[in-house]
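Structure file protein_38.txt (compact mmCIF, C-alpha atoms) is printed below.
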# COMPACT_ATOMS: atom_id res chain seq x y z
CA MET A 1 -57.68 -65.50 22.73
CA THR A 2 -59.62 -62.28 23.11
CA ALA A 3 -63.38 -62.20 23.46
CA ARG A 4 -63.55 -60.07 20.35
CA TRP A 5 -61.69 -62.70 18.31
CA GLN A 6 -64.11 -65.34 19.62
CA VAL A 7 -66.96 -63.29 18.17
CA VAL A 8 -65.45 -62.69 14.74
CA ARG A 9 -63.78 -66.07 14.31
CA GLY A 10 -66.90 -67.89 13.09
CA PRO A 11 -67.86 -65.34 10.42
CA ALA A 12 -64.20 -64.98 9.44
CA ALA A 13 -63.91 -68.74 8.89
CA ALA A 14 -67.15 -68.70 6.90
CA PHE A 15 -65.73 -65.96 4.68
CA ALA A 16 -62.30 -67.58 4.52
CA ARG A 17 -63.65 -70.86 3.16
CA LEU A 18 -65.09 -69.04 0.11
CA ILE A 19 -61.60 -68.18 -1.15
CA PRO A 20 -59.91 -71.62 -1.39
CA GLY A 21 -63.29 -73.14 -2.26
CA GLY A 22 -63.92 -70.66 -5.05
CA VAL A 23 -60.42 -71.07 -6.48
CA LEU A 24 -60.72 -74.88 -6.44
CA ALA A 25 -64.21 -74.94 -7.94
CA PHE A 26 -63.18 -72.51 -10.70
CA SER A 27 -59.91 -74.26 -11.51
CA GLY A 28 -61.67 -77.62 -11.62
CA TYR A 29 -64.47 -76.30 -13.80
CA VAL A 30 -62.27 -74.65 -16.45
CA LYS A 31 -60.33 -77.89 -16.77
CA ALA A 32 -63.37 -80.19 -16.75
CA ILE A 33 -65.04 -78.43 -19.69
CA ARG A 34 -61.97 -78.79 -21.93
CA PRO A 35 -60.48 -81.98 -23.40
CA ALA A 36 -58.61 -83.89 -20.68
CA GLU A 37 -55.58 -84.20 -22.96
CA GLU A 38 -54.95 -80.45 -22.60
CA PHE A 39 -54.54 -80.73 -18.84
CA ALA A 40 -52.58 -83.96 -19.28
CA ALA A 41 -50.07 -82.10 -21.45
CA LEU A 42 -49.69 -79.44 -18.74
CA LEU A 43 -49.19 -82.14 -16.09
CA ALA A 44 -46.50 -83.73 -18.27
CA ASN A 45 -44.47 -80.52 -17.94
CA TYR A 46 -43.80 -81.38 -14.29
CA TRP A 47 -41.84 -84.51 -15.24
CA VAL A 48 -43.03 -86.38 -12.16
CA LEU A 49 -45.79 -88.73 -13.26
CA PRO A 50 -45.49 -91.65 -15.70
CA PRO A 51 -47.13 -90.91 -19.07
CA ALA A 52 -49.66 -93.72 -18.65
CA VAL A 53 -51.36 -92.03 -15.69
CA LEU A 54 -51.50 -88.48 -17.10
CA VAL A 55 -54.78 -88.69 -19.03
CA PRO A 56 -56.69 -90.71 -16.39
CA LEU A 57 -55.46 -88.25 -13.77
CA ALA A 58 -56.38 -85.28 -15.96
CA ARG A 59 -59.92 -86.66 -16.23
CA THR A 60 -60.25 -87.16 -12.46
CA VAL A 61 -58.49 -84.26 -10.75
CA PRO A 62 -60.74 -81.46 -12.09
CA TRP A 63 -63.85 -83.23 -10.76
CA VAL A 64 -62.22 -83.75 -7.36
CA GLU A 65 -61.23 -80.07 -7.27
CA MET A 66 -64.74 -79.02 -8.23
CA ALA A 67 -66.40 -81.29 -5.64
CA VAL A 68 -64.11 -80.18 -2.80
CA GLY A 69 -64.39 -76.53 -3.87
CA LEU A 70 -68.18 -76.63 -4.00
CA CYS A 71 -68.39 -78.37 -0.62
CA LEU A 72 -66.34 -75.53 0.85
CA LEU A 73 -68.41 -72.88 -0.91
CA VAL A 74 -71.77 -74.17 0.34
CA GLY A 75 -70.41 -75.54 3.61
CA LEU A 76 -71.14 -79.24 3.22
CA GLY A 77 -68.83 -81.34 5.40
CA VAL A 78 -66.82 -78.19 6.04
CA ARG A 79 -64.08 -79.72 8.17
CA ARG A 80 -63.46 -82.69 5.88
CA ALA A 81 -63.66 -80.51 2.77
CA ALA A 82 -61.17 -78.04 4.28
CA LEU A 83 -58.75 -80.88 5.12
CA ALA A 84 -59.18 -82.36 1.61
CA ALA A 85 -58.56 -78.92 0.06
CA ALA A 86 -55.49 -78.48 2.28
CA GLY A 87 -54.26 -81.87 1.04
CA LEU A 88 -54.79 -80.82 -2.58
CA TYR A 89 -52.97 -77.52 -2.07
CA GLY A 90 -50.19 -79.42 -0.27
CA VAL A 91 -49.76 -81.73 -3.28
CA PHE A 92 -49.75 -78.73 -5.63
CA ILE A 93 -47.05 -77.08 -3.50
CA VAL A 94 -44.89 -80.22 -3.67
CA PHE A 95 -45.28 -80.37 -7.48
CA LEU A 96 -44.51 -76.67 -7.91
CA SER A 97 -41.54 -76.74 -5.53
CA GLN A 98 -39.85 -79.60 -7.34
CA ALA A 99 -40.43 -77.82 -10.66
CA LEU A 100 -38.82 -74.66 -9.30
CA LEU A 101 -35.93 -76.53 -7.69
CA ARG A 102 -35.24 -78.43 -10.92
CA ARG A 103 -35.63 -75.18 -12.91
CA LEU A 104 -38.05 -76.84 -15.29
CA PRO A 105 -38.91 -74.58 -18.23
CA MET A 106 -42.52 -73.75 -17.39
CA ASN A 107 -44.32 -70.52 -18.25
CA ASP A 108 -47.66 -71.66 -16.89
CA CYS A 109 -48.37 -73.77 -13.82
CA GLY A 110 -51.34 -75.34 -15.59
CA CYS A 111 -53.55 -74.86 -12.52
CA PHE A 112 -56.38 -73.41 -14.58
CA GLY A 113 -55.88 -75.63 -17.60
CA ALA A 114 -55.42 -74.02 -20.97
CA LEU A 115 -58.40 -71.70 -20.56
CA GLY A 116 -58.04 -69.82 -17.31
CA PRO A 117 -55.51 -67.26 -16.11
CA SER A 118 -51.88 -68.16 -16.72
CA LEU A 119 -49.73 -68.05 -13.58
CA ARG A 120 -46.02 -68.76 -13.26
CA PRO A 121 -45.02 -71.56 -10.86
CA GLY A 122 -43.49 -69.09 -8.39
CA GLN A 123 -46.67 -67.00 -8.24
CA THR A 124 -48.80 -70.08 -7.79
CA LEU A 125 -46.59 -71.40 -5.01
CA ILE A 126 -47.27 -68.27 -2.95
CA LEU A 127 -50.99 -68.37 -3.78
CA ASP A 128 -51.25 -72.05 -2.82
CA ALA A 129 -49.42 -71.49 0.46
CA VAL A 130 -51.92 -68.74 1.38
CA LEU A 131 -54.86 -70.92 0.36
CA LEU A 132 -53.47 -73.87 2.34
CA ALA A 133 -53.24 -71.66 5.43
CA LEU A 134 -56.86 -70.53 4.93
CA CYS A 135 -57.97 -74.18 4.63
CA LEU A 136 -56.27 -75.05 7.93
CA PHE A 137 -57.93 -72.04 9.57
CA VAL A 138 -61.32 -73.22 8.28
CA ALA A 139 -60.64 -76.82 9.39
CA ALA A 140 -59.87 -75.62 12.91
CA ASP A 141 -63.21 -73.81 13.14
CA ARG A 142 -66.00 -75.81 14.80
CA GLU A 143 -68.83 -73.34 14.23
CA ALA A 144 -69.29 -73.77 10.47
CA ARG A 145 -71.33 -70.59 10.22
CA PHE A 146 -73.51 -70.01 7.15
CA SER A 147 -73.05 -73.61 6.05
CA LEU A 148 -75.22 -76.44 4.82
CA ASP A 149 -73.85 -78.48 7.72
CA ARG A 150 -76.07 -76.46 10.05
CA TRP A 151 -79.11 -77.46 8.01
CA VAL A 152 -78.01 -81.09 7.66
CA ASP A 153 -77.55 -81.66 11.39
CA PRO A 154 -78.51 -78.64 13.53
CA SER A 155 -78.06 -80.64 16.74
CA ARG A 156 -74.27 -80.61 16.26
CA PHE A 157 -74.23 -76.85 16.62
CA LEU A 158 -76.49 -76.38 19.66
CA PRO A 159 -74.88 -74.30 22.41
CA ARG A 160 -73.55 -76.46 25.25
CA MET B 1 -85.74 -85.79 7.36
CA THR B 2 -82.84 -87.31 9.28
CA PRO B 3 -79.37 -85.71 9.07
CA ARG B 4 -78.25 -88.65 6.93
CA THR B 5 -81.04 -88.06 4.38
CA ARG B 6 -80.30 -84.35 4.32
CA ARG B 7 -76.59 -84.98 3.78
CA ALA B 8 -77.35 -87.37 0.93
CA ALA B 9 -79.78 -84.88 -0.63
CA ALA B 10 -77.23 -82.05 -0.39
CA ALA B 11 -74.46 -84.22 -1.89
CA ALA B 12 -76.74 -85.33 -4.72
CA GLY B 13 -77.66 -81.69 -5.38
CA LEU B 14 -74.00 -80.72 -5.57
CA LEU B 15 -73.10 -83.58 -7.90
CA THR B 16 -76.04 -82.76 -10.16
CA THR B 17 -75.05 -79.09 -10.22
CA MET B 18 -71.50 -80.05 -11.20
CA ALA B 19 -72.62 -82.43 -13.94
CA VAL B 20 -75.10 -79.94 -15.42
CA ALA B 21 -72.61 -77.04 -15.29
CA VAL B 22 -69.92 -79.09 -17.03
CA ALA B 23 -72.38 -80.40 -19.63
CA ILE B 24 -73.50 -76.82 -20.41
CA GLY B 25 -69.97 -75.40 -20.47
CA ARG B 26 -68.31 -78.32 -22.26
CA GLN B 27 -66.19 -76.94 -25.06
CA THR B 28 -65.75 -79.26 -27.99
CA PRO B 29 -63.33 -77.53 -30.33
CA ALA B 30 -65.00 -76.67 -33.65
CA VAL B 31 -61.97 -77.16 -35.83
CA ALA B 32 -63.16 -78.09 -39.29
CA GLY B 33 -62.80 -75.85 -42.29
CA GLY B 34 -60.76 -72.82 -43.16
CA ALA B 35 -57.75 -74.44 -44.85
CA PRO B 36 -57.07 -74.12 -48.59
CA PRO B 37 -56.98 -77.40 -50.56
CA TYR B 38 -53.18 -77.52 -50.83
CA ARG B 39 -52.97 -77.95 -47.06
CA TRP B 40 -55.05 -81.14 -47.27
CA LEU B 41 -53.10 -84.42 -47.45
CA GLY B 42 -54.94 -87.67 -48.13
CA PRO B 43 -58.24 -88.74 -49.67
CA ALA B 44 -60.84 -85.98 -50.12
CA ALA B 45 -63.60 -88.22 -48.73
CA ALA B 46 -61.55 -89.42 -45.75
CA LYS B 47 -63.52 -90.86 -42.86
CA VAL B 48 -61.11 -89.40 -40.32
CA VAL B 49 -59.54 -85.97 -40.63
CA LEU B 50 -56.60 -84.99 -38.46
CA ASP B 51 -56.43 -81.22 -37.93
CA GLU B 52 -52.85 -80.31 -37.09
CA PHE B 53 -51.98 -76.91 -35.57
CA SER B 54 -48.25 -76.33 -35.80
CA ASP B 55 -45.66 -73.60 -35.76
CA PHE B 56 -42.72 -74.06 -38.15
CA GLU B 57 -40.33 -72.55 -35.60
CA CYS B 58 -41.41 -74.85 -32.76
CA PRO B 59 -38.92 -77.72 -32.14
CA LYS B 60 -41.63 -80.01 -30.74
CA CYS B 61 -43.64 -79.52 -33.94
CA ALA B 62 -40.63 -80.61 -35.98
CA GLN B 63 -40.17 -83.58 -33.67
CA ALA B 64 -43.83 -84.62 -34.08
CA GLN B 65 -43.88 -84.65 -37.88
CA ALA B 66 -42.80 -88.28 -38.27
CA ASP B 67 -45.44 -89.41 -35.76
CA ILE B 68 -48.18 -87.37 -37.46
CA LYS B 69 -47.32 -88.86 -40.85
CA ALA B 70 -47.31 -92.32 -39.23
CA LEU B 71 -50.92 -91.72 -38.13
CA LEU B 72 -51.87 -91.26 -41.79
CA LYS B 73 -50.28 -94.58 -42.67
CA ALA B 74 -52.65 -96.40 -40.31
CA ALA B 75 -55.32 -96.28 -43.03
CA PRO B 76 -54.08 -94.19 -45.98
CA ASP B 77 -57.38 -94.51 -47.84
CA ARG B 78 -59.48 -93.35 -44.88
CA VAL B 79 -57.35 -90.81 -42.98
CA ALA B 80 -56.46 -87.29 -44.12
CA LEU B 81 -54.39 -84.52 -42.59
CA VAL B 82 -55.13 -80.79 -42.67
CA PHE B 83 -52.45 -78.32 -41.67
CA HIS B 84 -53.34 -75.12 -39.78
CA HIS B 85 -50.78 -72.44 -38.96
CA ALA B 86 -50.38 -71.63 -35.28
CA PRO B 87 -47.34 -69.32 -35.22
CA LEU B 88 -46.50 -68.58 -31.59
CA ARG B 89 -46.00 -64.94 -30.72
CA GLN B 90 -42.63 -65.56 -29.09
CA HIS B 91 -41.25 -66.99 -32.36
CA ALA B 92 -40.14 -64.08 -34.52
CA ARG B 93 -39.64 -66.16 -37.69
CA ALA B 94 -42.76 -68.31 -37.40
CA VAL B 95 -45.02 -65.98 -39.39
CA PRO B 96 -42.52 -65.39 -42.26
CA ALA B 97 -42.01 -69.18 -42.43
CA ALA B 98 -45.77 -69.77 -42.54
CA ARG B 99 -46.07 -67.19 -45.34
CA ALA B 100 -43.29 -68.91 -47.27
CA ALA B 101 -45.07 -72.26 -46.89
CA GLU B 102 -48.29 -70.63 -48.15
CA ALA B 103 -46.43 -69.25 -51.16
CA ALA B 104 -45.09 -72.75 -51.88
CA GLY B 105 -48.62 -74.12 -51.47
CA LEU B 106 -49.89 -71.76 -54.15
CA GLN B 107 -47.48 -73.57 -56.49
CA GLY B 108 -48.60 -77.00 -55.26
CA LYS B 109 -45.65 -77.73 -52.99
CA PHE B 110 -46.93 -76.94 -49.52
CA TRP B 111 -46.10 -80.32 -47.92
CA GLU B 112 -42.65 -80.55 -49.49
CA TYR B 113 -41.84 -77.01 -48.37
CA ALA B 114 -43.21 -77.66 -44.87
CA GLU B 115 -40.99 -80.72 -44.58
CA LEU B 116 -37.95 -78.65 -45.55
CA LEU B 117 -38.84 -76.00 -42.97
CA PHE B 118 -39.15 -78.60 -40.23
CA THR B 119 -36.09 -80.66 -41.13
CA ARG B 120 -33.88 -77.57 -41.50
CA GLN B 121 -35.40 -75.62 -38.65
CA LYS B 122 -32.05 -75.23 -36.89
CA ASP B 123 -30.63 -73.43 -39.95
CA TRP B 124 -33.26 -70.70 -40.31
CA ALA B 125 -34.41 -70.56 -36.65
CA PRO B 126 -31.43 -71.52 -34.51
CA HIS B 127 -31.72 -72.04 -30.76
CA PRO B 128 -30.65 -69.93 -28.97
CA PRO B 129 -32.09 -67.33 -31.37
CA ASN B 130 -29.70 -65.35 -33.52
CA PRO B 131 -31.37 -61.96 -34.17
CA ALA B 132 -28.75 -61.11 -36.82
CA LEU B 133 -29.73 -64.06 -38.98
CA ASP B 134 -31.88 -63.15 -42.00
CA SER B 135 -33.97 -66.21 -42.77
CA ARG B 136 -35.45 -64.85 -46.00
CA PRO B 137 -32.55 -65.93 -48.26
CA LEU B 138 -32.90 -69.45 -46.84
CA PHE B 139 -36.65 -69.47 -47.58
CA LEU B 140 -35.85 -68.46 -51.18
CA ALA B 141 -33.15 -71.14 -51.41
CA TYR B 142 -35.65 -73.82 -50.29
CA ALA B 143 -38.09 -72.59 -52.95
CA ARG B 144 -35.36 -72.87 -55.59
CA GLU B 145 -34.49 -76.36 -54.34
CA LEU B 146 -38.09 -77.44 -54.91
CA GLY B 147 -38.07 -75.93 -58.40
CA LEU B 148 -40.60 -73.21 -57.60
CA ASP B 149 -40.96 -70.07 -59.71
CA GLU B 150 -38.89 -67.71 -57.57
CA ALA B 151 -40.46 -64.46 -58.70
CA ARG B 152 -43.96 -65.79 -58.09
CA PHE B 153 -42.88 -67.30 -54.76
CA THR B 154 -41.50 -63.95 -53.57
CA ALA B 155 -44.58 -62.06 -54.70
CA ASP B 156 -46.91 -64.58 -53.01
CA MET B 157 -44.87 -64.61 -49.80
CA ASP B 158 -45.21 -60.82 -49.55
CA SER B 159 -48.82 -60.60 -50.69
CA PRO B 160 -51.55 -59.41 -48.29
CA LEU B 161 -53.61 -62.51 -49.16
CA THR B 162 -50.92 -64.82 -47.75
CA ALA B 163 -50.60 -62.68 -44.65
CA GLU B 164 -54.37 -62.79 -44.20
CA ARG B 165 -54.47 -66.60 -44.51
CA VAL B 166 -51.82 -67.02 -41.83
CA GLN B 167 -53.58 -64.50 -39.60
CA GLN B 168 -56.93 -66.27 -40.10
CA ASP B 169 -55.35 -69.51 -38.89
CA ARG B 170 -53.80 -67.78 -35.92
CA ASP B 171 -57.18 -66.27 -35.00
CA HIS B 172 -58.74 -69.71 -35.41
CA ALA B 173 -56.15 -71.17 -33.03
CA ASP B 174 -56.84 -68.37 -30.53
CA ARG B 175 -60.60 -69.02 -30.70
CA LEU B 176 -60.00 -72.71 -30.03
CA GLY B 177 -57.91 -71.82 -27.00
CA LEU B 178 -55.05 -73.83 -28.47
CA PRO B 179 -53.13 -75.09 -25.42
CA ALA B 180 -49.76 -75.69 -27.13
CA THR B 181 -48.12 -76.58 -30.40
CA PRO B 182 -48.29 -79.05 -31.94
CA THR B 183 -51.94 -79.93 -31.30
CA VAL B 184 -53.88 -82.43 -33.38
CA TYR B 185 -57.67 -82.66 -33.26
CA ILE B 186 -59.31 -85.95 -34.22
CA LYS B 187 -63.08 -85.54 -34.23
CA ASP B 188 -63.83 -84.32 -30.68
CA ARG B 189 -60.56 -85.62 -29.22
CA THR B 190 -57.37 -83.66 -28.78
CA LEU B 191 -53.71 -84.58 -28.78
CA VAL B 192 -51.54 -81.92 -27.18
CA GLY B 193 -47.81 -81.99 -27.73
CA ALA B 194 -45.41 -84.35 -29.46
CA ASN B 195 -45.50 -86.91 -26.63
CA GLN B 196 -49.29 -87.35 -26.76
CA ILE B 197 -49.26 -87.53 -30.56
CA ALA B 198 -46.73 -90.37 -30.36
CA SER B 199 -48.27 -92.23 -27.45
CA LEU B 200 -52.04 -91.70 -27.82
CA GLY B 201 -52.32 -90.83 -31.51
CA PRO B 202 -52.57 -94.36 -32.94
CA ARG B 203 -55.25 -95.32 -30.38
CA PHE B 204 -57.30 -92.15 -31.12
CA VAL B 205 -57.11 -92.69 -34.89
CA GLN B 206 -58.26 -96.30 -34.45
CA TRP B 207 -61.10 -95.12 -32.23
CA ALA B 208 -62.18 -92.60 -34.89
CA LEU B 209 -61.96 -95.23 -37.64
CA ASP B 210 -64.08 -97.68 -35.59
CA GLN B 211 -66.90 -95.18 -35.04
Here is the file; what I need is its structure written in the form of structure tokens.
Amino acid sequence: MTARWQVVRGPAAAFARLIPGGVLAFSGYVKAIRPAEEFAALLANYWVLPPAVLVPLARTVPWVEMAVGLCLLVGLGVRRAALAAAGLYGVFIVFLSQALLRRLPMNDCGCFGALGPSLRPGQTLILDAVLLALCLFVAADREARFSLDRWVDPSRFLPR
Amino acid sequence: MTPRTRRAAAAAGLLTTMAVAVAIGRQTPAVAGGAPPYRWLGPAAAKVVLDEFSDFECPKCAQAQADIKALLKAAPDRVALVFHHAPLRQHARAVPAARAAEAAGLQGKFWEYAELLFTRQKDWAPHPPNPALDSRPLFLAYARELGLDEARFTADMDSPLTAERVQQDRDHADRLGLPATPTVYIKDRTLVGANQIASLGPRFVQWALDQ
């Protein structure tokens, strides 16, 4: 690794975590403010989950997305939040891939509920893959620049 | 402050921020009002009003009709149904069908006409779509079948007032951010799609009646 990359890596990771974090926080928020049944109906389009779990899941997932997204945005528990976000994007990719493979008739991935931008499953698959890669890049970074983690426990980041 | 205290304080701050933001942004659909009396089915002083948003050309809406009517039967003296047009833009015949139903409503036969449109949907709106099919003669035939005044029906179907009523409903649906058709609102709860209406509808109606 070049010395130059060592210098820019920390700020780059700090910037990179804003993208998956912002997307997660926004997608969670636009779903959390609407009736959970709307998101449940979008989840039903994937034909994966049993009907009984759709509404409970639709009530929970937006809050998890928001929490993980906000943690990434402000840099609280950066590494864990990045791994959690990577896990979420991984699950989304699995859902989208099976929908595409089964050629399910879906015009909207449902990622932003009924309120946000409408993306086709194929578009979202590419977006999620990029966001997953960014999360892994952030998780591999130990510096956690411009993060709350540095305020929470500065001793972790002292030069050795 | 120890790192543990700081972490707890930061987490609490984040959770509070989330809760406040969601509470401020929470969108409870303001559905009530806007429908003429002939689109109201059930007692005028009903305790629970089901606001249905449907598109006559949508197969799922046709599928949901039996389940929606079953919700009314839960407490016929306390539950009413209001129909709102939500013609989807990809359905070329949805607006003409809604206008025909309005014209039937002006002669007191909205619900009967709506039932005909849903039960015979495959005749006037076949899937896959047949662009050559003219659905207007079928709409007139349904009006004749119900004993409606044909000249008045035709005039009402083509009148700007009918067009405006359908458009008002469509605008209403857009303002609500209607996620799909059919959607039924019960107080501040929402049922999206035929499956939810069938599976969750009875529970939601009971909840509304118990309030």
Find the residues of chain A in contact range of chain B, meaning any atom within 6 Å when counting all atoms listed in the file, and list them as a PyMOL selection string.
chain A and resi 33-34+38+41+114+152-153
Leaving out B:Ser159 and any residue of its chain fewer than 4 positions from it, which residues lie within 12 Å of it when counting all atoms listed in the file, given as a PDB file with C-alpha atoms, in the frame of the given file?
ATOM      1  CA  PRO B  96     -42.520 -65.390 -42.260  1.00  0.00           C
ATOM      2  CA  ARG B  99     -46.070 -67.190 -45.340  1.00  0.00           C
ATOM      3  CA  ALA B 100     -43.290 -68.910 -47.270  1.00  0.00           C
ATOM      4  CA  GLU B 102     -48.290 -70.630 -48.150  1.00  0.00           C
ATOM      5  CA  ALA B 103     -46.430 -69.250 -51.160  1.00  0.00           C
ATOM      6  CA  LEU B 106     -49.890 -71.760 -54.150  1.00  0.00           C
ATOM      7  CA  ARG B 152     -43.960 -65.790 -58.090  1.00  0.00           C
ATOM      8  CA  PHE B 153     -42.880 -67.300 -54.760  1.00  0.00           C
ATOM      9  CA  THR B 154     -41.500 -63.950 -53.570  1.00  0.00           C
ATOM     10  CA  ALA B 155     -44.580 -62.060 -54.700  1.00  0.00           C
ATOM     11  CA  ALA B 163     -50.600 -62.680 -44.650  1.00  0.00           C
ATOM     12  CA  GLU B 164     -54.370 -62.790 -44.200  1.00  0.00           C
ATOM     13  CA  ARG B 165     -54.470 -66.600 -44.510  1.00  0.00           C
ATOM     14  CA  VAL B 166     -51.820 -67.020 -41.830  1.00  0.00           C
TER      15      VAL B 166
END
What is the atom CA of A:Leu24-atom CA of A:Trp151 distance in Å, reported with one decimal?
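We find that atom CA of A:Leu24 and atom CA of A:Trp151 lie 23.5 Å from each other.
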Which polymer residues, protein or nucleic acid, are no farther than 9 Å from (-44.9, -71.2, -40.0), counting all atoms listed in the file, as an NGL selection string?
:B and (54-58 or 85-88 or 93-102 or 114 or 117 or 166)
Please produce a file of those selected residues containing C-alpha atoms, as a PDB file, in the coordinates of the input.
ATOM      1  CA  SER B  54     -48.250 -76.330 -35.800  1.00  0.00           C
ATOM      2  CA  ASP B  55     -45.660 -73.600 -35.760  1.00  0.00           C
ATOM      3  CA  PHE B  56     -42.720 -74.060 -38.150  1.00  0.00           C
ATOM      4  CA  GLU B  57     -40.330 -72.550 -35.600  1.00  0.00           C
ATOM      5  CA  CYS B  58     -41.410 -74.850 -32.760  1.00  0.00           C
ATOM      6  CA  HIS B  85     -50.780 -72.440 -38.960  1.00  0.00           C
ATOM      7  CA  ALA B  86     -50.380 -71.630 -35.280  1.00  0.00           C
ATOM      8  CA  PRO B  87     -47.340 -69.320 -35.220  1.00  0.00           C
ATOM      9  CA  LEU B  88     -46.500 -68.580 -31.590  1.00  0.00           C
ATOM     10  CA  ARG B  93     -39.640 -66.160 -37.690  1.00  0.00           C
ATOM     11  CA  ALA B  94     -42.760 -68.310 -37.400  1.00  0.00           C
ATOM     12  CA  VAL B  95     -45.020 -65.980 -39.390  1.00  0.00           C
ATOM     13  CA  PRO B  96     -42.520 -65.390 -42.260  1.00  0.00           C
ATOM     14  CA  ALA B  97     -42.010 -69.180 -42.430  1.00  0.00           C
ATOM     15  CA  ALA B  98     -45.770 -69.770 -42.540  1.00  0.00           C
ATOM     16  CA  ARG B  99     -46.070 -67.190 -45.340  1.00  0.00           C
ATOM     17  CA  ALA B 100     -43.290 -68.910 -47.270  1.00  0.00           C
ATOM     18  CA  ALA B 101     -45.070 -72.260 -46.890  1.00  0.00           C
ATOM     19  CA  GLU B 102     -48.290 -70.630 -48.150  1.00  0.00           C
ATOM     20  CA  ALA B 114     -43.210 -77.660 -44.870  1.00  0.00           C
ATOM     21  CA  LEU B 117     -38.840 -76.000 -42.970  1.00  0.00           C
ATOM     22  CA  VAL B 166     -51.820 -67.020 -41.830  1.00  0.00           C
TER      23      VAL B 166
END
Could you list, as a short mmCIF file (atom, residue, chain, number, x, y, z; two decimals) with C-alpha atoms, keeping the file's coordinate frame, every residue within 8 Å of stretch 77-79 of chain A, counting all atoms listed in the file and ignoring same-chain residues fewer than 6 positions away?
data_model
loop_
_atom_site.label_atom_id
_atom_site.label_comp_id
_atom_site.auth_asym_id
_atom_site.auth_seq_id
_atom_site.Cartn_x
_atom_site.Cartn_y
_atom_site.Cartn_z
CA CYS A 71 -68.39 -78.37 -0.62
CA VAL A 138 -61.32 -73.22 8.28
CA ALA A 139 -60.64 -76.82 9.39
CA ALA A 140 -59.87 -75.62 12.91
CA ASP A 141 -63.21 -73.81 13.14
CA ARG A 142 -66.00 -75.81 14.80
CA ALA A 144 -69.29 -73.77 10.47
CA SER A 147 -73.05 -73.61 6.05
CA ASP A 149 -73.85 -78.48 7.72
#
Taking N, CA and C atoms as the atom set, what does stretch 112-123 of chain B look like once completed, written as a PDB file, keeping the file's coordinate frame?
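Result file is out-v2.pdb:
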ATOM      1  N   GLU B 112     -44.097 -80.407 -49.294  1.00  0.00           N
ATOM      2  CA  GLU B 112     -42.650 -80.550 -49.490  1.00  0.00           C
ATOM      3  C   GLU B 112     -41.914 -79.395 -48.817  1.00  0.00           C
ATOM      4  N   TYR B 113     -42.482 -78.196 -48.955  1.00  0.00           N
ATOM      5  CA  TYR B 113     -41.840 -77.010 -48.370  1.00  0.00           C
ATOM      6  C   TYR B 113     -41.902 -77.092 -46.834  1.00  0.00           C
ATOM      7  N   ALA B 114     -43.056 -77.530 -46.321  1.00  0.00           N
ATOM      8  CA  ALA B 114     -43.210 -77.660 -44.870  1.00  0.00           C
ATOM      9  C   ALA B 114     -42.181 -78.642 -44.320  1.00  0.00           C
ATOM     10  N   GLU B 115     -41.972 -79.728 -45.038  1.00  0.00           N
ATOM     11  CA  GLU B 115     -40.990 -80.720 -44.580  1.00  0.00           C
ATOM     12  C   GLU B 115     -39.585 -80.114 -44.527  1.00  0.00           C
ATOM     13  N   LEU B 116     -39.257 -79.309 -45.558  1.00  0.00           N
ATOM     14  CA  LEU B 116     -37.950 -78.650 -45.550  1.00  0.00           C
ATOM     15  C   LEU B 116     -37.818 -77.699 -44.351  1.00  0.00           C
ATOM     16  N   LEU B 117     -38.893 -76.942 -44.101  1.00  0.00           N
ATOM     17  CA  LEU B 117     -38.840 -76.000 -42.970  1.00  0.00           C
ATOM     18  C   LEU B 117     -38.611 -76.735 -41.652  1.00  0.00           C
ATOM     19  N   PHE B 118     -39.304 -77.856 -41.492  1.00  0.00           N
ATOM     20  CA  PHE B 118     -39.150 -78.600 -40.230  1.00  0.00           C
ATOM     21  C   PHE B 118     -37.786 -79.280 -40.143  1.00  0.00           C
ATOM     22  N   THR B 119     -37.350 -79.913 -41.225  1.00  0.00           N
ATOM     23  CA  THR B 119     -36.090 -80.660 -41.130  1.00  0.00           C
ATOM     24  C   THR B 119     -34.880 -79.714 -41.020  1.00  0.00           C
ATOM     25  N   ARG B 120     -35.018 -78.507 -41.562  1.00  0.00           N
ATOM     26  CA  ARG B 120     -33.880 -77.570 -41.500  1.00  0.00           C
ATOM     27  C   ARG B 120     -34.141 -76.404 -40.552  1.00  0.00           C
ATOM     28  N   GLN B 121     -34.997 -76.667 -39.592  1.00  0.00           N
ATOM     29  CA  GLN B 121     -35.400 -75.620 -38.650  1.00  0.00           C
ATOM     30  C   GLN B 121     -34.202 -74.964 -37.963  1.00  0.00           C
ATOM     31  N   LYS B 122     -33.199 -75.775 -37.621  1.00  0.00           N
ATOM     32  CA  LYS B 122     -32.050 -75.230 -36.890  1.00  0.00           C
ATOM     33  C   LYS B 122     -31.241 -74.245 -37.741  1.00  0.00           C
ATOM     34  N   ASP B 123     -31.377 -74.345 -39.070  1.00  0.00           N
ATOM     35  CA  ASP B 123     -30.630 -73.430 -39.950  1.00  0.00           C
ATOM     36  C   ASP B 123     -31.274 -72.037 -39.985  1.00  0.00           C
TER      37      ASP B 123
END
